[in-house]
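Below is one structure; the comments refer to it alone.
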Amino acid sequence: MSEKQTFLSDSQQKKLAEALDRKFDLPLVRGKSERKAWVKFVIAIDIIITSKVQNEYLDALNDPAFQLEDMAADILKENLAPILADLLSVPILPYSLKLKMIGLVLELLIKAMAGTTTIDEVAEEFLKSA
């Protein structure tokens, strides 16, 4: 039996990609190609997080009853951002910009873990306000 490689659904990945698309521009990429690049970026983050974070925390993204403590949420974001930045290969991006992009994805994911909400609700709220 193979382990699941990602914890986000296709629609959740697309919502996070859309959030990135609204907040950042990828150099040298436009239109549908940019959207595809964002989806690949989110999938890569998804795969790495799945391999590094315990399932109990990942399950919390879709469970509004679970609430990650603020201190744990801060530590998770602080530790995951540099790990992801080092493991994600995006040669056309400066490291500092890559960290900001990863930071947005982590902010949305951790907000869902720390609040009485789900990743779908957090992403939709972000997209409405962006």
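Following the order of the structure tokens, chains are lettered A, B, ..., residues in each are numbered from 1, and ligands are numbered from 1.
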Hey, what's within 9 Å of Asp63 in chain A if we count only C-alpha atoms and toss same-chain stuff fewer than 6 positions away? As a ChimeraX atom specification, please?
/A:112-113,116-119
Where does DSSP see helix (DSSP H, G or I) in range 25-66 of chain A, if you list the residues as a CSV table (one decimal) with N, CA and C atoms, in the first residue's frame?
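Result saved to result.csv:
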```csv
chain,number,residue,atom,x,y,z
A,31,GLY,N,-0.3,34.5,-18.2
A,31,GLY,CA,-1.5,33.8,-18.6
A,31,GLY,C,-1.6,32.4,-18.0
A,32,LYS,N,-2.1,31.5,-18.9
A,32,LYS,CA,-2.3,30.1,-18.4
A,32,LYS,C,-1.1,29.4,-18.0
A,33,SER,N,0.0,29.8,-18.6
A,33,SER,CA,1.3,29.2,-18.2
A,33,SER,C,1.7,29.6,-16.8
A,34,GLU,N,1.3,30.8,-16.4
A,34,GLU,CA,1.6,31.3,-15.0
A,34,GLU,C,0.8,30.5,-14.0
A,35,ARG,N,-0.5,30.3,-14.4
A,35,ARG,CA,-1.4,29.6,-13.5
A,35,ARG,C,-0.9,28.1,-13.3
A,36,LYS,N,-0.5,27.5,-14.4
A,36,LYS,CA,0.1,26.1,-14.3
A,36,LYS,C,1.3,26.1,-13.5
A,37,ALA,N,2.2,27.1,-13.6
A,37,ALA,CA,3.4,27.2,-12.8
A,37,ALA,C,3.0,27.3,-11.3
A,38,TRP,N,2.0,28.1,-11.0
A,38,TRP,CA,1.6,28.2,-9.6
A,38,TRP,C,1.1,26.9,-9.0
A,39,VAL,N,0.3,26.2,-9.8
A,39,VAL,CA,-0.2,24.9,-9.4
A,39,VAL,C,0.9,24.0,-9.1
A,40,LYS,N,1.9,23.9,-10.0
A,40,LYS,CA,3.1,23.1,-9.8
A,40,LYS,C,3.8,23.5,-8.5
A,41,PHE,N,4.0,24.8,-8.3
A,41,PHE,CA,4.6,25.3,-7.1
A,41,PHE,C,3.9,24.8,-5.8
A,42,VAL,N,2.6,24.9,-5.8
A,42,VAL,CA,1.8,24.5,-4.7
A,42,VAL,C,1.8,23.0,-4.5
A,43,ILE,N,1.8,22.2,-5.6
A,43,ILE,CA,1.9,20.8,-5.5
A,43,ILE,C,3.3,20.4,-4.9
A,44,ALA,N,4.3,21.1,-5.3
A,44,ALA,CA,5.7,20.8,-4.7
A,44,ALA,C,5.7,21.1,-3.2
A,45,ILE,N,5.1,22.2,-2.8
A,45,ILE,CA,5.0,22.5,-1.4
A,45,ILE,C,4.2,21.4,-0.7
A,46,ASP,N,3.1,21.0,-1.3
A,46,ASP,CA,2.2,20.0,-0.7
A,46,ASP,C,3.0,18.7,-0.5
A,47,ILE,N,3.7,18.3,-1.5
A,47,ILE,CA,4.5,17.0,-1.4
A,47,ILE,C,5.5,17.1,-0.2
A,48,ILE,N,6.2,18.2,-0.2
A,48,ILE,CA,7.3,18.4,0.8
A,48,ILE,C,6.7,18.4,2.2
A,49,ILE,N,5.6,19.2,2.4
A,49,ILE,CA,4.9,19.3,3.7
A,49,ILE,C,4.4,17.9,4.1
A,50,THR,N,3.8,17.2,3.2
A,50,THR,CA,3.3,15.8,3.5
A,50,THR,C,4.4,15.0,4.0
A,51,SER,N,5.6,15.1,3.5
A,51,SER,CA,6.7,14.3,4.0
A,51,SER,C,7.4,14.8,5.3
A,52,LYS,N,7.1,16.0,5.7
A,52,LYS,CA,7.8,16.6,6.8
A,52,LYS,C,6.9,16.8,8.1
A,55,ASN,N,0.7,13.7,10.2
A,55,ASN,CA,-0.7,13.6,9.6
A,55,ASN,C,-1.7,14.3,10.5
A,56,GLU,N,-1.5,14.3,11.8
A,56,GLU,CA,-2.5,14.9,12.7
A,56,GLU,C,-2.6,16.4,12.5
A,57,TYR,N,-1.5,17.0,12.1
A,57,TYR,CA,-1.6,18.4,11.8
A,57,TYR,C,-2.2,18.7,10.5
A,58,LEU,N,-1.9,17.8,9.5
A,58,LEU,CA,-2.4,18.0,8.2
A,58,LEU,C,-3.9,17.7,8.1
A,59,ASP,N,-4.4,16.8,8.9
A,59,ASP,CA,-5.8,16.5,9.0
A,59,ASP,C,-6.6,17.7,9.5
A,60,ALA,N,-5.9,18.5,10.3
A,60,ALA,CA,-6.5,19.7,10.9
A,60,ALA,C,-7.0,20.7,9.9
A,61,LEU,N,-6.4,20.7,8.7
A,61,LEU,CA,-6.7,21.7,7.7
A,61,LEU,C,-8.2,21.5,7.2
A,62,ASN,N,-8.7,20.4,7.4
A,62,ASN,CA,-10.1,20.2,7.0
A,62,ASN,C,-11.0,19.9,8.2
```
CA of Gln54 in chain A to CA of Leu97 in chain A: how many Å, to one decimal?
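According to the coordinates, CA of Gln54 in chain A and CA of Leu97 in chain A are separated by 27.0 Å.
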note - CA of Gly103 in chain A and CA of Val29 in chain A are separated by 20.9 Å
**Asked** Could you pull the residues within 12 Å of Ile92 in chain A, counting only C-alpha atoms, minus those fewer than 5 positions along the same chain, as a PyMOL selection string?
**Response** chain A and resi 25-29+97-98
Next on the checklist: Measuring between only C-alpha atoms, which one of A:Phe24, A:Lys15, A:Ala114, A:Leu127 shows the shortest distance to Asp70 in chain A?
Outcome noted: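 The shortest atom-to-atom distance to Asp70 in chain A comes from A:Ala114.
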* Asked: By how many Å are CA of Arg22 in chain A and CA of Glu69 in chain A apart?
  ->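 Calculated distance between CA of Arg22 in chain A and CA of Glu69 in chain A is 28.9 Å.
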I'd like the neighbourhood of Ala85 in chain A as a PDB file with N, CA and C atoms, in the first residue's frame, where a residue qualifies if any of its atoms comes within 8 Å (using only C-alpha atoms), though same-chain residues fewer than 5 positions away should be ignored.
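around01.pdb written:
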```pdb
ATOM      1  N   TYR A  95      15.880  34.058  -3.753  1.00  0.00           N
ATOM      2  CA  TYR A  95      15.546  33.317  -2.525  1.00  0.00           C
ATOM      3  C   TYR A  95      14.550  34.094  -1.661  1.00  0.00           C
ATOM      4  N   LYS A  98      11.088  33.833  -3.111  1.00  0.00           N
ATOM      5  CA  LYS A  98      10.586  32.474  -2.910  1.00  0.00           C
ATOM      6  C   LYS A  98      10.087  32.308  -1.466  1.00  0.00           C
ATOM      7  N   LEU A  99      10.823  32.866  -0.507  1.00  0.00           N
ATOM      8  CA  LEU A  99      10.404  32.805   0.898  1.00  0.00           C
ATOM      9  C   LEU A  99       9.079  33.524   1.122  1.00  0.00           C
ATOM     10  N   ILE A 102       6.298  31.263  -0.342  1.00  0.00           N
ATOM     11  CA  ILE A 102       6.088  30.134   0.567  1.00  0.00           C
ATOM     12  C   ILE A 102       5.395  30.624   1.830  1.00  0.00           C
TER      13      ILE A 102
END
```
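For the set A:Leu8, A:Ile83, A:Lys23, A:Lys14, the residue with the smallest atom-to-atom gap to Ala130 in chain A is A:Lys23, counting only C-alpha atoms.
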Name the residues in contact with Ala123 in chain A at a cut-off of 9 Å, using only C-alpha atoms, excluding same-chain residues fewer than 6 positions from it; report them as an mmCIF file with C-alpha atoms, in the first residue's frame.
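Saved to result_38.cif:
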```cif
data_model
loop_
_atom_site.group_PDB
_atom_site.id
_atom_site.type_symbol
_atom_site.label_atom_id
_atom_site.label_comp_id
_atom_site.auth_asym_id
_atom_site.auth_seq_id
_atom_site.Cartn_x
_atom_site.Cartn_y
_atom_site.Cartn_z
ATOM 1 C CA GLN A 12 -7.451 23.267 -2.615
ATOM 2 C CA LYS A 15 -7.227 27.890 -4.682
ATOM 3 C CA LEU A 16 -3.770 28.309 -3.161
ATOM 4 C CA ALA A 19 -3.955 33.176 -4.121
ATOM 5 C CA LEU A 108 -3.054 30.300 4.818
ATOM 6 C CA LEU A 109 -2.398 26.683 5.821
ATOM 7 C CA ALA A 112 -6.673 26.982 8.930
#
```
